[in-house]
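This report concerns only the one structure given below.
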Protein chains: 2
Amino acid sequence: MKTQYEQALAGRISPQMTAAACSENVPARKVRDELAAGRAVLPANPAHVRLQPAVVGRAFRTKVNANIGRSAERSSLRGEMRKLQGALAAGADCLMDLSVGPRLIALRRQLLSACRAPFGTVPVYEALNRAENRIEALTEDLLLRVIAEQAEQGVDFMTLHAGLRRSHLRHASRRLAGIVSRGGAVLALWMRKNEKENPLYTAFDGILDICRAHDVTLSLGDGLRPGCLADAGDKAQYAELKTLGELVRRSRRRGVQVMVEGPGHVPFDRIREQMDVEARWCDGAPFYVLGPVVTDVAPGYDHISAAIGATAAAFHGASLLCYVTPAEHLGLPTAAEVHEGVMAFRIAAHAADVAKGLPGARDWDDAMTRARVTFDWKRQFEIALDGKRARKRFLKGGCRLSEGTDYCSMCGAEFCAMKNFQRAFPRRGKTEESEG
Amino acid sequence: MKTQYEQALAGRISPQMTAAACSENVPARKVRDELAAGRAVLPANPAHVRLQPAVVGRAFRTKVNANIGRSAERSSLRGEMRKLQGALAAGADCLMDLSVGPRLIALRRQLLSACRAPFGTVPVYEALNRAENRIEALTEDLLLRVIAEQAEQGVDFMTLHAGLRRSHLRHASRRLAGIVSRGGAVLALWMRKNEKENPLYTAFDGILDICRAHDVTLSLGDGLRPGCLADAGDKAQYAELKTLGELVRRSRRRGVQVMVEGPGHVPFDRIREQMDVEARWCDGAPFYVLGPVVTDVAPGYDHISAAIGATAAAFHGASLLCYVTPAEHLGLPTAAEVHEGVMAFRIAAHAADVAKGLPGARDWDDAMTRARVTFDWKRQFEIALDGKRARKRFLKGGCRLSEGTDYCSMCGAEFCAMKNFQRAFPRRGKTEESEG
């Protein structure tokens with residue numbers, strides 16, 4: 001079996017490429033060419049049955065990832081299943097299960113079989129559980145075994161913090177927020193306790209073998225992503241990013257699909273720089289960013305802080321946006337918070353697609369505007385990002401959906417600007433528009 | 001009496017300048033110099049008793065305006081008072097009462113006396129009510145009378161769509177969304193029905209006399225602001241903006257403080273251009289923008305779409321951000337929605353202040369980070385943007401505020417990255433940090 005990357009390099013258009021191209025409304029050869037150039041990935045483990053393939057890359061629609069997963073203390077299979085279904089219903093393009101604690105295999109089996117979107121994990125969590133939470137007891141062997149088993153199970157992409165090297169730690173130790181990546185902190189502690197290099201780095205060839213065999217897309221984790229504005233773009237972050245660039249090249253040489261993970265917390269004015277550096281050092285590998293939040297002061301609203309950063313990130317280069325929910329920095333999200341996070345990030349992704357001039361992206365906005373100027377409320381709620389919520393809010397204002405309702409409770413009937421404008425220019429009135 | 005602008009030009013530092021400088025933590029002469037240059041305004045009508053003055057301009061903290069006000073159909077004095085108090089408690093820097101309908105004078109009296117922040121209005125709404133909602137019956141005299149009475153009442157700044165000229169209408173008639181400004185649409189209809197120039201334009205000298213006499217800050221309304229992405233930066237918008245530049249110069253010549261209003265709906269990539277054009281054509285007058293939303297497709301979430309645009313706008317040049325609530329495009333906001341809107345916009349304003357390098361802006365973020373790394377939950381909720389909400393959400397995860405709680409339900413105790421990092425680098429642990 002060849003990976004999607006190898007097939008693309010060989011000039012072949014796979015069924016997965018065709019399916020992804022179809023959902024993007026682009027020619028399949030475009031997907032193939034972007035894959036071959038390494039500027040896109042198509043995470044599609046053949047063992048993930050009923051997967052609807054999606055392509056991640058600059059040339060395509062910006063994608064949104066939703067993290068679900070229980071902590072050792074909280075949540076249940078049923079709860080996670082609700083989050084998964086809620087995230088997909090809200091329009092998430094892919095999902096990561098970040099569960100920790102016991103019985104992860106059974107949980108993942110259920111989630112995977114319910115998930116038609118690309119599905120990702122962070123294998124170090126399961127490895128740590130199997131090591132009975134004794135970090136120093138992790139071994140290369142155990143890590144490789146877990147990665148192989150997850151690959152066999154059908155995981156489409158895996159976050160592996162293989163670029164966090166022992167020599168980077170001294171930079172991190174000087175930071176304001178230190179390490180805020182769960183996986184990164186585990187590996188840092190392992191390296192300190194065992195006085196050895198990162199086992200994901202030393203075992204990287206073995207990892208590549210597994211990923212190649214199962215066409216698992218590598219998502220090179222940023223264990224040293226900044227956890228506050230003060231640490232953004234510092235030596236620790238960039239030292240690791242440079243290593244990730246090396247690992248991108250090693251992955252490609254082995255035929256493995258690869259993307260790179262990014263921050264985190266970044267001031268709004270420095271987002272562009274971060275995107276440019278990744279593209280340069282990582283040879284254009286798709287950038288998968290977490291937010292970034294553009295301020296540290298707004299716990300409870302971090303889906304908003306992060307949607308702001310994510311829009312700028314996607315406009316300047318990121319291809320995949322990991323959502324942030326209102327629970328970020330405070331707790332594990334509920335299903336309702338998962339919904340909020342996905343919606344905020346779909347706004348960011350779409351706004352960036354319009355801004356980067358993705359063909360056809362603005363058609364959606366223009367269709368909404370046409371429905372607005374014709375007071376076609378039903379149509380507005382049909383095509384809105386979250387029509388259910390919009391409809392409910394509209395009706396709460398005491399207005400009706402019926403055709404004659406040519407205002408909303410915001411301005412009222414007498415002060416509706418669109419209505420007055422149409423009185424001023426009657427030729428552009430409702431009848432003509434809806435006939436046109 | 002001299003306006004703040006005239007006093008600044010004369011080199012004088014007024015008590016209002018001193019108070020505003022104090023709340024900005026800058027020398028008073030800086031406020032004076034920015035006012036004298038026309039790059040800032042200090043809306044402070046002497047008749048507005050107990051006003052706490054605030055300065056609006058690029059050199060200072062980005063400010064957030066909250067719109068309140070009933071529509072003819074909806075809301076009550078009590079409801080508006082709750083919104084006013086809620087907006088101020090949430091941290092809005094100034095307020096506009098956009099009420100329409102009858103009994104506006106009494107409503108405004110009550111709101112003004114309760115409002116210690118700068119208070120703005122759109123006088124054409126009251127004028128229209130006095131004309132018994134017959135738009136064509138508006139007259140220059142009536143408009144001037146209403147403006148004078150509101151100025152006497154103590155209104156600090158007024159939106160007047162004086163730059164919307166008759167010759168601009170043909171551009172607007174070709175738009176996808178036409179006119180979406182309430183005041184702009186009223187004036188457009190008036191011009192069409194009466195076949196005359198905009199009365200606010202023809203009466204502009206009289207308006208300036210009133211504003212000068214009461215030191216009312218003119219906020220030149222953008223009646224032709226784009227109401228959808230498709231109309232952003234079109235001929236209609238820019239023709240009006242050019243006229244606004246003329247009116248800025250006329251206002252300054254008369255000693256009147258003046259700022260300029262801006263959009264609205266703008267694709268993310270075009271926000272910078274809009275800010276640059278305003279600064280150039282309007283001689284650096286403070287730019288007061290509404291959002292802008294960066295997509296049209298997200299009714300119900302427009303506070304998020306707009307906070308994204310507002311961050312970019314404030315970073316690239318805007319000084320005052322008019323909030324957008326989740327009710328935008330759907331209805332009049334409730335007090336809860338006012339709160340959401342203010343919070344989203346305070347995030348945008350602060351993120352932009354950090355990004356533009358406003359001295360001291362990032363201190364807030366760094367203080368939050370220090371509280372985070374030391375697991376000082378109480379401190380986090382003391383200084384957070386909305387500590388009440390953050391605290392409630394944290395406790396919902398089953399964690400306690402007590403000192404020993406060194407994790408949250410997000411990652412759980414075993415997987416807390418910050419905790420593991422501190423195990424790896426114990427010198428940076430809790431004790432030392434909290435002593436330091």
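How things are named: the first chain in the structure tokens is A, the next is B, and so on; residues count from 1 in each chain; ligands count from 1 in the order shown.
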
Set the cut-off to 6 Å and count only C-alpha atoms: what are the residues of chain B that reach chain A? Output as a ChimeraX atom specification. /B:71,179-182,185,189,267-269,294-300,308,330-332,351,355,365,384-385,390,394,397,408-412,417-418,420-421,424

Where in stretch 62-266 of chain B does DSSP assign alpha helix (DSSP H), given as a PyMOL selection string? chain B and resi 77-90+104-114+123-130+140-153+169-173+182-194+199-202+204-214+235-253

Which residues in stretch 28-250 of chain B does DSSP call strand (DSSP E or B)? List them as an MDAnalysis selection string. chainID B and resid 40:41 56:57 63:68 94:97 119:121 157:160 217:220

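A straight line drawn from atom CA of B:Leu160 to atom CA of B:Asp222 is 8.5 Å long.
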
Please compute the atom CA of A:Ser76-atom CA of A:Leu200 distance, one decimal, in Å.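 Interatomic distance, atom CA of A:Ser76 to atom CA of A:Leu200: 29.5 Å.
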
For B:Thr139, list every protein, DNA or RNA residue within 9 Å, evaluated using only C-alpha atoms, and leave out those in the same chain fewer than 4 positions away; present the list as a count of residues only. 5
